[in-house]
file coords34.cif (mmCIF, C-alpha atoms)
data_input
loop_
_atom_site.label_atom_id
_atom_site.label_comp_id
_atom_site.auth_asym_id
_atom_site.auth_seq_id
_atom_site.Cartn_x
_atom_site.Cartn_y
_atom_site.Cartn_z
CA MET A 1 24.16 18.04 34.14
CA ASN A 2 21.22 20.18 32.94
CA ARG A 3 18.63 18.84 30.47
CA THR A 4 20.09 20.59 27.40
CA ARG A 5 23.58 19.20 28.05
CA MET A 6 22.12 15.76 28.77
CA LEU A 7 20.21 15.69 25.45
CA THR A 8 23.30 16.90 23.59
CA ALA A 9 25.36 14.11 25.12
CA MET A 10 22.68 11.57 24.17
CA ASN A 11 22.69 12.77 20.56
CA GLU A 12 26.49 12.51 20.38
CA THR A 13 26.51 8.89 21.58
CA THR A 14 23.42 7.66 19.68
CA ARG A 15 24.18 5.55 16.63
CA TRP A 16 21.77 6.77 13.99
CA PRO A 17 20.72 4.67 10.97
CA LYS A 18 21.86 5.57 7.49
CA CYS A 19 18.56 4.55 5.89
CA VAL A 20 14.98 4.83 7.19
CA LEU A 21 12.15 2.98 5.44
CA TRP A 22 8.61 4.33 5.38
CA GLY A 23 5.38 3.46 3.57
CA GLY A 24 1.80 2.24 3.75
CA TYR A 25 2.50 -1.11 5.46
CA ALA A 26 1.69 -2.46 8.96
CA ARG A 27 -2.07 -2.53 8.38
CA GLY A 28 -2.54 -6.12 7.21
CA ASN A 29 -2.34 -5.68 3.45
CA VAL A 30 -0.29 -8.53 1.94
CA GLY A 31 0.97 -6.44 -0.97
CA ASP A 32 2.22 -3.66 1.29
CA GLU A 33 4.13 -6.10 3.53
CA LEU A 34 5.64 -7.69 0.41
CA ALA A 35 6.74 -4.23 -0.77
CA LEU A 36 8.39 -3.62 2.61
CA ALA A 37 10.23 -6.95 2.38
CA VAL A 38 11.59 -6.06 -1.07
CA GLY A 39 12.56 -2.57 0.10
CA LEU A 40 14.40 -4.00 3.12
CA ARG A 41 16.32 -6.39 0.89
CA ASP A 42 17.31 -3.63 -1.51
CA MET A 43 18.46 -1.18 1.16
CA ARG A 44 20.43 -3.84 3.04
CA LYS A 45 22.36 -4.47 -0.16
CA ARG A 46 23.14 -0.77 -0.39
CA TYR A 47 23.91 -0.25 3.30
CA SER A 48 24.98 -2.66 5.99
CA PHE A 49 22.32 -4.76 7.75
CA SER A 50 22.34 -2.71 10.96
CA GLU A 51 22.24 0.65 9.18
CA VAL A 52 18.66 0.16 7.90
CA ILE A 53 15.62 0.64 10.13
CA VAL A 54 11.87 0.64 9.58
CA LEU A 55 9.50 3.36 10.73
CA SER A 56 6.12 1.83 11.61
CA PRO A 57 2.75 3.11 12.89
CA PHE A 58 2.28 -0.34 14.50
CA PRO A 59 5.80 -1.39 15.54
CA GLY A 60 4.74 -4.63 17.25
CA TYR A 61 3.07 -5.82 14.06
CA THR A 62 6.08 -4.97 11.90
CA LYS A 63 8.49 -6.52 14.41
CA ALA A 64 6.48 -9.77 14.39
CA LEU A 65 6.82 -10.03 10.60
CA PHE A 66 10.46 -8.87 10.49
CA PRO A 67 11.96 -9.90 13.86
CA ASP A 68 15.57 -9.25 12.81
CA THR A 69 14.80 -5.62 11.93
CA GLU A 70 15.08 -2.53 14.11
CA VAL A 71 11.66 -0.85 14.18
CA ILE A 72 10.95 2.68 15.41
CA PRO A 73 7.38 3.71 16.36
CA TYR A 74 5.86 6.41 14.17
CA THR A 75 4.15 8.78 16.63
CA PRO A 76 3.39 12.08 14.87
CA ALA A 77 2.60 15.07 17.04
CA THR A 78 -0.26 17.33 15.96
CA ALA A 79 0.33 21.02 15.33
CA SER A 80 0.64 23.25 18.38
CA LYS A 81 -2.40 25.43 19.07
CA ARG A 82 -0.96 28.87 19.75
CA ASN A 83 -3.78 30.89 21.26
CA THR A 84 -2.91 34.43 20.21
CA GLN A 85 -5.19 36.92 18.50
CA VAL A 86 -2.78 37.18 15.54
CA THR A 87 -2.69 33.40 15.08
CA ARG A 88 -6.48 33.07 15.32
CA ALA A 89 -6.96 35.88 12.81
CA PHE A 90 -4.43 34.32 10.43
CA ARG A 91 -6.19 30.95 10.59
CA PHE A 92 -9.58 32.60 10.03
CA LEU A 93 -8.29 34.35 6.90
CA LYS A 94 -6.77 31.10 5.60
CA ARG A 95 -10.11 29.31 6.02
CA ARG A 96 -12.01 32.14 4.30
CA CYS A 97 -9.57 32.02 1.38
CA GLY A 98 -9.93 28.24 1.04
CA PHE A 99 -6.56 27.25 2.55
CA ARG A 100 -6.61 24.17 4.74
CA GLN A 101 -4.90 24.11 8.12
CA ASN A 102 -2.13 21.48 8.44
CA ARG A 103 -2.61 18.96 11.23
CA TYR A 104 1.15 18.62 11.71
CA GLU A 105 4.12 20.94 12.02
CA VAL A 106 7.60 19.65 11.28
CA SER A 107 9.05 21.51 14.26
CA ALA A 108 6.55 19.83 16.62
CA GLN A 109 7.94 16.39 15.74
CA PHE A 110 11.14 17.06 17.71
CA SER A 111 9.51 17.47 21.10
CA TYR A 112 11.39 15.37 23.65
CA ASN A 113 8.11 14.01 25.03
CA THR A 114 6.31 13.08 21.82
CA THR A 115 8.57 11.77 19.09
CA LYS A 116 10.29 8.74 20.67
CA GLY A 117 13.09 9.24 18.18
CA TRP A 118 11.42 8.77 14.78
CA ALA A 119 11.91 12.35 13.54
CA LYS A 120 15.48 12.50 14.84
CA ALA A 121 16.27 9.19 13.16
CA ILE A 122 15.23 10.76 9.84
CA GLN A 123 17.09 13.97 10.65
CA HIS A 124 20.38 12.09 11.12
CA CYS A 125 20.04 9.50 8.34
CA GLU A 126 21.35 9.68 4.77
CA LEU A 127 18.23 8.43 3.00
CA LEU A 128 14.50 8.23 3.59
CA TYR A 129 13.23 5.42 1.34
CA LEU A 130 9.54 5.11 0.54
CA VAL A 131 8.72 1.47 -0.13
CA GLY A 132 6.23 0.51 -2.85
CA GLY A 133 2.46 0.64 -2.77
CA GLY A 134 -0.39 2.89 -3.83
CA TYR A 135 -0.76 4.88 -0.63
CA LEU A 136 0.05 8.39 -1.92
CA THR A 137 -3.51 9.43 -2.75
CA ASP A 138 -6.12 11.35 -0.82
CA LEU A 139 -8.16 8.15 -0.55
CA TYR A 140 -5.96 7.68 2.54
CA ASP A 141 -4.48 9.93 5.25
CA LEU A 142 -2.04 11.74 2.97
CA GLU A 143 -0.95 14.27 5.62
CA SER A 144 0.25 11.57 7.98
CA LEU A 145 1.90 9.60 5.17
CA LEU A 146 3.82 12.64 3.89
CA LEU A 147 4.97 13.95 7.27
CA PRO A 148 8.19 11.83 7.37
CA VAL A 149 9.01 13.14 3.87
CA GLU A 150 8.52 16.72 5.06
CA VAL A 151 10.80 16.06 8.05
CA ALA A 152 13.46 14.71 5.68
CA ARG A 153 13.16 17.71 3.37
CA PHE A 154 13.41 20.13 6.31
CA HIS A 155 16.81 18.64 7.17
CA ASP A 156 18.00 18.19 3.56
CA VAL A 157 17.87 14.40 3.81
CA LYS A 158 17.72 12.62 0.45
CA VAL A 159 14.32 11.10 -0.43
CA GLU A 160 13.99 8.14 -2.80
CA THR A 161 11.07 5.88 -3.65
CA ALA A 162 10.38 2.36 -4.85
CA PRO A 163 7.86 2.13 -7.72
CA LEU A 164 4.74 3.82 -6.32
CA GLY A 165 1.15 4.31 -7.34
CA ILE A 166 0.49 8.06 -7.02
CA GLY A 167 -2.94 9.70 -7.09
CA PRO A 168 -5.63 10.23 -8.14
CA PHE A 169 -6.43 13.36 -6.15
CA ARG A 170 -9.97 14.60 -5.58
CA ASP A 171 -8.69 17.62 -3.65
CA PRO A 172 -6.21 20.06 -5.30
CA TRP A 173 -4.80 20.79 -1.83
CA SER A 174 -3.62 17.17 -1.59
CA ALA A 175 -1.95 17.35 -4.99
CA ARG A 176 -0.11 20.53 -4.00
CA LYS A 177 1.02 18.94 -0.74
CA LEU A 178 2.46 15.96 -2.63
CA GLN A 179 4.07 18.30 -5.15
CA HIS A 180 5.86 20.18 -2.37
CA ALA A 181 6.96 16.99 -0.57
CA LEU A 182 8.38 15.14 -3.58
CA ARG A 183 10.01 17.95 -5.51
CA ASP A 184 13.66 17.06 -6.27
CA ALA A 185 13.18 13.52 -4.84
CA HIS A 186 14.14 10.42 -6.84
CA VAL A 187 10.62 9.21 -7.60
CA ARG A 188 9.80 5.90 -9.25
CA VAL A 189 6.22 5.13 -10.32
CA ARG A 190 4.64 1.85 -11.38
CA ASP A 191 2.02 2.98 -13.91
CA ILE A 192 1.40 5.55 -16.64
CA ASP A 193 -1.44 7.30 -14.78
CA SER A 194 0.87 7.98 -11.82
CA GLN A 195 3.55 9.29 -14.17
CA THR A 196 1.04 11.61 -15.88
CA ILE A 197 -0.11 13.00 -12.53
CA CYS A 198 3.50 13.64 -11.50
CA ASN A 199 4.33 15.24 -14.84
CA ASP A 200 1.40 17.64 -14.41
CA LEU A 201 2.77 18.55 -10.96
CA GLY A 202 6.30 19.07 -12.27
CA ILE A 203 7.67 15.97 -10.49
CA THR A 204 10.27 14.05 -12.49
CA THR A 205 9.68 10.29 -12.38
CA GLU A 206 11.15 7.00 -13.52
CA LEU A 207 8.71 4.30 -14.68
CA GLN A 208 9.36 0.81 -13.25
CA ARG A 209 7.25 -2.26 -12.65
CA ASP A 210 5.80 -2.83 -9.19
CA ASP A 211 8.04 -4.54 -6.62
CA GLY A 212 5.46 -7.30 -6.24
CA PHE A 213 6.75 -8.80 -9.49
CA ARG A 214 9.99 -9.49 -7.62
CA VAL A 215 8.29 -11.78 -5.10
CA GLN A 216 10.36 -14.82 -6.07
CA GLU A 217 13.55 -13.09 -4.94
CA GLY A 218 12.50 -13.84 -1.37
CA ILE A 219 9.52 -16.20 -1.46
CA ALA A 220 9.29 -19.51 -3.33
CA ILE A 221 6.00 -19.65 -5.23
CA GLY A 222 4.87 -23.03 -6.51
CA SER A 223 2.32 -25.77 -5.94
CA SER A 224 2.57 -29.55 -5.75
CA MET A 225 -1.15 -29.99 -6.44
CA THR A 226 -2.27 -31.49 -9.73
CA LEU A 227 -4.35 -29.34 -12.04
CA GLU A 228 -7.49 -31.37 -11.32
CA GLU A 229 -7.14 -30.68 -7.58
CA ARG A 230 -6.90 -26.93 -7.96
CA PRO A 231 -9.95 -24.70 -7.44
CA ILE A 232 -10.49 -21.24 -8.90
CA GLY A 233 -9.36 -18.61 -6.38
CA ILE A 234 -11.89 -15.88 -5.59
CA ASN A 235 -10.62 -12.74 -3.89
CA PHE A 236 -13.26 -10.04 -3.42
CA TYR A 237 -13.50 -6.79 -1.54
CA LEU A 238 -15.07 -3.40 -2.23
CA GLN A 239 -12.22 -1.45 -3.76
CA ASP A 240 -11.12 1.95 -2.45
CA GLY A 241 -12.73 4.64 -4.58
CA SER A 242 -15.63 2.38 -5.60
CA THR A 243 -18.68 4.38 -6.59
CA ASN A 244 -21.56 1.88 -6.58
CA ALA A 245 -21.13 -0.85 -3.99
CA GLU A 246 -24.58 -2.39 -4.51
CA THR A 247 -24.00 -2.90 -8.25
CA VAL A 248 -20.50 -4.34 -7.69
CA ILE A 249 -21.71 -6.84 -5.07
CA LYS A 250 -24.57 -7.93 -7.33
CA TRP A 251 -22.10 -8.46 -10.20
CA TRP A 252 -19.77 -10.65 -8.10
CA THR A 253 -22.71 -12.64 -6.70
CA GLU A 254 -23.98 -13.39 -10.20
CA VAL A 255 -20.49 -14.54 -11.22
CA LEU A 256 -20.30 -16.99 -8.30
CA ILE A 257 -23.80 -18.33 -8.98
CA LEU A 258 -22.76 -19.02 -12.58
CA LEU A 259 -19.56 -20.77 -11.47
CA LYS A 260 -21.50 -22.92 -9.00
CA SER A 261 -24.22 -23.87 -11.50
CA ASN A 262 -21.57 -24.89 -14.03
CA GLY A 263 -19.73 -27.11 -11.56
CA LEU A 264 -16.50 -25.09 -11.36
CA PRO A 265 -14.73 -25.58 -7.99
CA VAL A 266 -14.00 -22.33 -6.15
CA GLU A 267 -12.21 -21.20 -2.99
CA GLY A 268 -12.29 -17.75 -1.43
CA PHE A 269 -8.95 -16.34 -0.29
CA CYS A 270 -7.81 -13.15 1.43
CA PHE A 271 -5.05 -10.68 0.66
CA HIS A 272 -5.61 -8.66 3.82
CA ASN A 273 -5.49 -10.16 7.30
CA SER A 274 -8.20 -7.99 8.86
CA VAL A 275 -11.40 -10.01 9.24
CA HIS A 276 -13.33 -6.81 8.50
CA SER A 277 -11.72 -6.51 5.08
CA ASP A 278 -11.57 -9.33 2.52
CA PHE A 279 -12.68 -12.17 4.82
CA SER A 280 -16.05 -10.88 6.01
CA GLN A 281 -16.91 -9.57 2.55
CA ILE A 282 -16.01 -12.84 0.79
CA VAL A 283 -17.94 -14.90 3.37
CA LYS A 284 -21.07 -12.82 2.77
CA LEU A 285 -20.57 -13.08 -0.98
CA PHE A 286 -20.32 -16.89 -0.82
CA VAL A 287 -23.42 -17.14 1.40
CA ASP A 288 -25.43 -14.90 -0.93
CA ALA A 289 -24.37 -17.09 -3.88
CA GLY A 290 -25.43 -20.28 -2.06
CA LEU A 291 -21.88 -21.54 -1.50
CA ALA A 292 -20.56 -23.12 1.71
CA VAL A 293 -18.83 -20.79 4.17
CA ASN A 294 -16.00 -23.29 4.68
CA LEU A 295 -14.94 -22.68 1.06
CA VAL A 296 -13.43 -19.37 2.23
CA ARG A 297 -9.90 -19.59 3.63
CA ALA A 298 -9.21 -17.63 6.80
CA PRO A 299 -6.70 -14.79 6.31
CA ASP A 300 -3.01 -15.46 6.99
CA PHE A 301 -1.15 -13.20 9.39
CA ASP A 302 2.19 -13.74 7.63
CA PHE A 303 2.19 -12.23 4.14
CA ARG A 304 4.67 -14.91 2.99
CA LYS A 305 2.13 -17.68 3.51
CA ALA A 306 -0.56 -15.67 1.75
CA CYS A 307 1.79 -15.24 -1.22
CA THR A 308 2.55 -18.96 -1.52
CA GLN A 309 -1.15 -19.89 -1.32
CA VAL A 310 -1.93 -18.07 -4.57
CA ALA A 311 0.06 -20.62 -6.61
CA LYS A 312 -2.35 -23.42 -5.74
CA TYR A 313 -5.20 -22.04 -7.85
CA ARG A 314 -6.12 -23.06 -11.38
CA ALA A 315 -7.17 -19.47 -12.15
CA VAL A 316 -7.73 -16.35 -10.06
CA LEU A 317 -10.55 -13.78 -10.03
CA THR A 318 -9.44 -10.90 -7.84
CA ALA A 319 -10.16 -7.33 -6.81
CA ARG A 320 -6.72 -7.00 -5.16
CA PHE A 321 -3.84 -5.64 -7.24
CA HIS A 322 -1.04 -7.65 -5.63
CA ALA A 323 -3.06 -10.88 -5.75
CA ALA A 324 -3.21 -10.36 -9.53
CA VAL A 325 0.52 -9.62 -9.63
CA LEU A 326 1.53 -12.74 -7.70
CA ALA A 327 -0.77 -15.02 -9.68
CA GLY A 328 0.71 -13.55 -12.84
CA VAL A 329 4.23 -14.27 -11.58
CA ALA A 330 3.15 -17.87 -10.91
CA GLY A 331 1.89 -18.15 -14.50
CA ILE A 332 -1.75 -18.57 -13.47
CA PRO A 333 -4.58 -17.12 -15.59
CA VAL A 334 -5.89 -14.00 -13.82
CA ILE A 335 -8.99 -11.88 -14.19
CA ALA A 336 -8.19 -8.58 -12.46
CA VAL A 337 -11.41 -6.76 -11.65
CA ALA A 338 -11.41 -2.96 -11.61
CA ASP A 339 -14.08 -0.58 -10.35
CA GLY A 340 -13.09 3.06 -10.80
CA GLN A 341 -10.02 4.97 -11.97
CA TYR A 342 -7.76 4.15 -9.02
CA TYR A 343 -7.90 0.38 -9.51
CA ARG A 344 -8.16 0.52 -13.28
CA SER A 345 -4.73 2.14 -13.59
CA LYS A 346 -3.27 -0.28 -11.03
CA MET A 347 -4.58 -3.38 -12.77
CA LEU A 348 -3.55 -2.18 -16.23
CA SER A 349 0.02 -1.70 -15.00
CA ALA A 350 0.01 -5.34 -13.89
CA CYS A 351 -1.32 -6.81 -17.14
CA GLN A 352 1.28 -4.88 -19.17
CA VAL A 353 3.98 -6.90 -17.41
CA SER A 354 2.31 -10.32 -17.21
CA PRO A 355 0.52 -11.86 -20.23
CA THR A 356 -1.62 -14.09 -17.98
CA ILE A 357 -3.45 -11.10 -16.45
CA GLN A 358 -6.63 -9.81 -18.07
CA VAL A 359 -8.22 -6.60 -16.74
CA ILE A 360 -11.98 -6.21 -16.82
CA ASP A 361 -14.25 -3.38 -15.71
CA VAL A 362 -17.39 -4.36 -13.79
CA SER A 363 -19.34 -1.56 -15.47
CA VAL A 364 -18.93 -3.00 -18.99
CA THR A 365 -18.32 -6.75 -18.52
CA GLU A 366 -21.19 -9.22 -18.09
CA PRO A 367 -20.87 -12.06 -15.54
CA THR A 368 -21.40 -14.58 -18.39
CA GLU A 369 -18.16 -13.33 -19.98
CA ILE A 370 -16.28 -14.10 -16.75
CA LEU A 371 -17.76 -17.62 -16.76
CA GLN A 372 -16.52 -18.20 -20.31
CA ILE A 373 -13.02 -16.93 -19.50
CA LEU A 374 -12.74 -19.09 -16.38
CA GLN A 375 -14.15 -22.17 -18.12
CA LYS A 376 -11.50 -21.79 -20.79
CA ALA A 377 -8.77 -21.31 -18.17
CA ALA A 378 -9.98 -24.22 -16.03
CA PHE A 379 -10.03 -26.74 -18.84
CA ALA A 380 -7.25 -25.42 -21.08
CA ASP A 381 -4.72 -28.12 -20.15
CA THR A 382 -7.22 -31.00 -20.05
CA ASN A 383 -8.43 -30.15 -23.54
CA ALA A 384 -4.94 -29.79 -24.97
#

call {"tool": "encode", "arguments": {"input": "coords34.cif", "output": "structure tokens"}}
result
Amino acid sequence: MNRTRMLTAMNETTRWPKCVLWGGYARGNVGDELALAVGLRDMRKRYSFSEVIVLSPFPGYTKALFPDTEVIPYTPATASKRNTQVTRAFRFLKRRCGFRQNRYEVSAQFSYNTTKGWAKAIQHCELLYLVGGGYLTDLYDLESLLLPVEVARFHDVKVETAPLGIGPFRDPWSARKLQHALRDAHVRVRDIDSQTICNDLGITTELQRDDGFRVQEGIAIGSSMTLEERPIGINFYLQDGSTNAETVIKWWTEVLILLKSNGLPVEGFCFHNSVHSDFSQIVKLFVDAGLAVNLVRAPDFDFRKACTQVAKYRAVLTARFHAAVLAGVAGIPVIAVADGQYYRSKMLSACQVSPTIQVIDVSVTEPTEILQILQKAAFADTNA
């Protein structure tokens, strides 16, 4: 049997999934893993258990968190480099006219040696479902994130999304790329800013709250600790899109010094399991504020444990969107800190759903105001 006939026979006997999940998960962010868990639950209600698979850039990581799920490695192939005079001239003219060269070609994703099945799984499925998160912005690798959508569109596969955060875009090329990928898709967004961006691009959207607010559908959030035993949870990291890191770090340090001098108990916690993300930054922050390093909890690998830990705090001061969301679901007073447009729109969408969440901007809020808010939250029940 020649190779063509062999591949044809393989395709005829392969049992393809009906639904493929894709998104910004598998990189240690608790909120993104929570969004994947909610998306899996939703799609398994719509399809049978075995008809839903997950596409992952780090399949071993995703499989460890969801061991009962079929996971396919996402291995995008870069665009072929055809070395002809016509092609070189065409690329030169595109660069001179300000057009960017795509790193990926849809057709290249079907090479027998490079794809390991991910593109063909999308080709043969009924639905490509983008799970929630705020990954569709040029703050991240938008080309790689949109490639599965482009593969689906090429084969007329339906595309649908969970509530997403979309934009902002610094580069008009990125906005046009998203516009092309999501046209005619069933797009849900989680905040007004994302909806406005999509409206400007001619993308029809449906506004829904973030999937993180559904955490209790799969994870029990609660604490057996008494109020007096609970510290104030501190979750810091330099937010994506931040413009003045030195000023932000100084602001957070002053807040912690005030909390320490006023005798308020604190504990640092992480909402990302990379030690180079929340953990190392919070440790340095605590040291600079004169607090003990052992007051910072090590990050949890399993997002479920990280979610349940949030409920043990008396109040939460956080730079992470989903940490604010989960604390709000647990009924805990939250100060959601925003630095820049990207996080401001995210945090505002959270506080519109939960009355316990208060959004503040580091550029206009003094550390003494944070102390007053947390003092009130910490002693609200004991004074009642």

call {"tool": "residues_around", "arguments": {"input": "coords34.cif", "residues": "A:Glu160", "least_positions_apart": "5", "cutoff": "12 Å", "atoms": "all atoms listed in the file", "output": "list in words"}}
result
Cys19, Val20, Leu21, Trp22, Gly23, Gly39, Met43, Glu126, Leu127, Leu128, Tyr129, Leu130, Val131, Gly132, Val149, Ala152, Arg153, Ala181, Leu182, Arg183, Asp184, Ala185, His186, Val187, Arg188, Val189, Thr204, Thr205 and Glu206 of chain A

call {"tool": "atom_distance", "arguments": {"input": "coords34.cif", "atom1": "atom CA of A:Gln123", "atom2": "atom CA of A:Ala64"}}
result
26.3 Å

call {"tool": "closest_residue", "arguments": {"input": "coords34.cif", "among": "A:Asp302, A:Glu246, A:Glu267, A:Asp171", "to": "A:Ala26", "atoms": "all atoms listed in the file"}}
result
A:Asp302

call {"tool": "atom_distance", "arguments": {"input": "coords34.cif", "atom1": "atom CA of A:Arg103", "atom2": "atom CA of A:Leu178"}}
result
15.1 Å

call {"tool": "atom_distance", "arguments": {"input": "coords34.cif", "atom1": "atom CA of A:Ala292", "atom2": "atom CA of A:Val337"}}
result
23.0 Å

call {"tool": "closest_residue", "arguments": {"input": "coords34.cif", "among": "A:Gly331, A:Gly212, A:Pro168, A:Gly202", "to": "A:Asp32", "atoms": "all atoms listed in the file"}}
result
A:Gly212

call {"tool": "resolve_selection", "arguments": {"input": "coords34.cif", "expression": "the PyMOL selection byres ((chain A and resi 305) around 12)", "output": "compact mmCIF listing (two decimals) with C-alpha atoms, keeping the file's coordinate frame"}}
result
# COMPACT_ATOMS: atom_id res chain seq x y z
CA VAL A 30 -0.29 -8.53 1.94
CA GLU A 33 4.13 -6.10 3.53
CA LEU A 34 5.64 -7.69 0.41
CA LEU A 65 6.82 -10.03 10.60
CA ILE A 219 9.52 -16.20 -1.46
CA ALA A 220 9.29 -19.51 -3.33
CA ILE A 221 6.00 -19.65 -5.23
CA GLY A 222 4.87 -23.03 -6.51
CA PHE A 269 -8.95 -16.34 -0.29
CA CYS A 270 -7.81 -13.15 1.43
CA PHE A 271 -5.05 -10.68 0.66
CA HIS A 272 -5.61 -8.66 3.82
CA ASN A 273 -5.49 -10.16 7.30
CA ALA A 298 -9.21 -17.63 6.80
CA PRO A 299 -6.70 -14.79 6.31
CA ASP A 300 -3.01 -15.46 6.99
CA PHE A 301 -1.15 -13.20 9.39
CA ASP A 302 2.19 -13.74 7.63
CA PHE A 303 2.19 -12.23 4.14
CA ARG A 304 4.67 -14.91 2.99
CA ALA A 306 -0.56 -15.67 1.75
CA CYS A 307 1.79 -15.24 -1.22
CA THR A 308 2.55 -18.96 -1.52
CA GLN A 309 -1.15 -19.89 -1.32
CA VAL A 310 -1.93 -18.07 -4.57
CA ALA A 311 0.06 -20.62 -6.61
CA LYS A 312 -2.35 -23.42 -5.74

call {"tool": "closest_residue", "arguments": {"input": "coords34.cif", "among": "A:Arg44, A:Arg314, A:Arg209, A:Arg27", "to": "A:Asp191", "atoms": "all atoms listed in the file"}}
result
A:Arg209

call {"tool": "closest_residue", "arguments": {"input": "coords34.cif", "among": "A:Asp141, A:Glu150, A:Asp240, A:Glu217", "to": "A:Asp42", "atoms": "only C-alpha atoms"}}
result
A:Glu217

call {"tool": "residues_near_point", "arguments": {"input": "coords34.cif", "point": "(-16.8, -2.2, -12.8)", "cutoff": "6 Å", "atoms": "only C-alpha atoms", "output": "PDB file with C-alpha atoms, in the coordinates of the input"}}
result
ATOM      1  CA  ALA A 338     -11.410  -2.960 -11.610  1.00  0.00           C
ATOM      2  CA  ASP A 339     -14.080  -0.580 -10.350  1.00  0.00           C
ATOM      3  CA  ASP A 361     -14.250  -3.380 -15.710  1.00  0.00           C
ATOM      4  CA  VAL A 362     -17.390  -4.360 -13.790  1.00  0.00           C
ATOM      5  CA  SER A 363     -19.340  -1.560 -15.470  1.00  0.00           C
TER       6      SER A 363
END

call {"tool": "resolve_selection", "arguments": {"input": "coords34.cif", "expression": "the PyMOL selection byres ((chain A and resi 121) around 9)", "output": "compact mmCIF listing (two decimals) with C-alpha atoms, keeping the file's coordinate frame"}}
result
# COMPACT_ATOMS: atom_id res chain seq x y z
CA TRP A 16 21.77 6.77 13.99
CA PRO A 17 20.72 4.67 10.97
CA LYS A 18 21.86 5.57 7.49
CA CYS A 19 18.56 4.55 5.89
CA VAL A 20 14.98 4.83 7.19
CA ILE A 72 10.95 2.68 15.41
CA GLY A 117 13.09 9.24 18.18
CA TRP A 118 11.42 8.77 14.78
CA ALA A 119 11.91 12.35 13.54
CA LYS A 120 15.48 12.50 14.84
CA ILE A 122 15.23 10.76 9.84
CA GLN A 123 17.09 13.97 10.65
CA HIS A 124 20.38 12.09 11.12
CA CYS A 125 20.04 9.50 8.34

call {"tool": "closest_residue", "arguments": {"input": "coords34.cif", "among": "A:Arg176, A:Lys284, A:Arg46, A:Arg190", "to": "A:Ser349", "atoms": "all atoms listed in the file"}}
result
A:Arg190

call {"tool": "closest_residue", "arguments": {"input": "coords34.cif", "among": "A:Pro67, A:Gly233, A:Gly24, A:Pro73", "to": "A:Pro333", "atoms": "all atoms listed in the file"}}
result
A:Gly233

call {"tool": "resolve_selection", "arguments": {"input": "coords34.cif", "expression": "the PyMOL selection byres ((chain A and resi 74-77) around 9)", "output": "ChimeraX atom specification"}}
result
/A:55-59,72-73,78-80,103-106,108-111,114-119,144,147-148

call {"tool": "residues_around", "arguments": {"input": "coords34.cif", "residues": "A:Asp68", "least_positions_apart": "5", "cutoff": "12 Å", "atoms": "all atoms listed in the file", "output": "JSON list (two decimals) with C-alpha atoms, keeping the file's coordinate frame"}}
result
[["chain", "number", "residue", "atom", "x", "y", "z"],
["A", 37, "ALA", "CA", 10.23, -6.95, 2.38],
["A", 40, "LEU", "CA", 14.40, -4.00, 3.12],
["A", 49, "PHE", "CA", 22.32, -4.76, 7.75],
["A", 50, "SER", "CA", 22.34, -2.71, 10.96],
["A", 52, "VAL", "CA", 18.66, 0.16, 7.90],
["A", 53, "ILE", "CA", 15.62, 0.64, 10.13],
["A", 54, "VAL", "CA", 11.87, 0.64, 9.58],
["A", 62, "THR", "CA", 6.08, -4.97, 11.90],
["A", 63, "LYS", "CA", 8.49, -6.52, 14.41]]

call {"tool": "residues_around", "arguments": {"input": "coords34.cif", "residues": "A:Ile192", "least_positions_apart": "3", "cutoff": "9 Å", "atoms": "only C-alpha atoms", "output": "list of chain:residue names"}}
result
A:Val189, A:Gln195, A:Thr196, A:Ile197, A:Leu207, A:Ser345, A:Ser349

call {"tool": "residues_near_point", "arguments": {"input": "coords34.cif", "point": "(-20.5, -7.9, -4.0)", "cutoff": "10 Å", "atoms": "only C-alpha atoms", "output": "ChimeraX atom specification"}}
result
/A:236-238,245-255,281-282,284-286,288-289

call {"tool": "write_last_selection", "arguments": {"input": "coords34.cif", "atoms": "C-alpha atoms", "output": "PDB file, in the frame of the given file"}}
result
ATOM      1  CA  PHE A 236     -13.260 -10.040  -3.420  1.00  0.00           C
ATOM      2  CA  TYR A 237     -13.500  -6.790  -1.540  1.00  0.00           C
ATOM      3  CA  LEU A 238     -15.070  -3.400  -2.230  1.00  0.00           C
ATOM      4  CA  ALA A 245     -21.130  -0.850  -3.990  1.00  0.00           C
ATOM      5  CA  GLU A 246     -24.580  -2.390  -4.510  1.00  0.00           C
ATOM      6  CA  THR A 247     -24.000  -2.900  -8.250  1.00  0.00           C
ATOM      7  CA  VAL A 248     -20.500  -4.340  -7.690  1.00  0.00           C
ATOM      8  CA  ILE A 249     -21.710  -6.840  -5.070  1.00  0.00           C
ATOM      9  CA  LYS A 250     -24.570  -7.930  -7.330  1.00  0.00           C
ATOM     10  CA  TRP A 251     -22.100  -8.460 -10.200  1.00  0.00           C
ATOM     11  CA  TRP A 252     -19.770 -10.650  -8.100  1.00  0.00           C
ATOM     12  CA  THR A 253     -22.710 -12.640  -6.700  1.00  0.00           C
ATOM     13  CA  GLU A 254     -23.980 -13.390 -10.200  1.00  0.00           C
ATOM     14  CA  VAL A 255     -20.490 -14.540 -11.220  1.00  0.00           C
ATOM     15  CA  GLN A 281     -16.910  -9.570   2.550  1.00  0.00           C
ATOM     16  CA  ILE A 282     -16.010 -12.840   0.790  1.00  0.00           C
ATOM     17  CA  LYS A 284     -21.070 -12.820   2.770  1.00  0.00           C
ATOM     18  CA  LEU A 285     -20.570 -13.080  -0.980  1.00  0.00           C
ATOM     19  CA  PHE A 286     -20.320 -16.890  -0.820  1.00  0.00           C
ATOM     20  CA  ASP A 288     -25.430 -14.900  -0.930  1.00  0.00           C
ATOM     21  CA  ALA A 289     -24.370 -17.090  -3.880  1.00  0.00           C
TER      22      ALA A 289
END
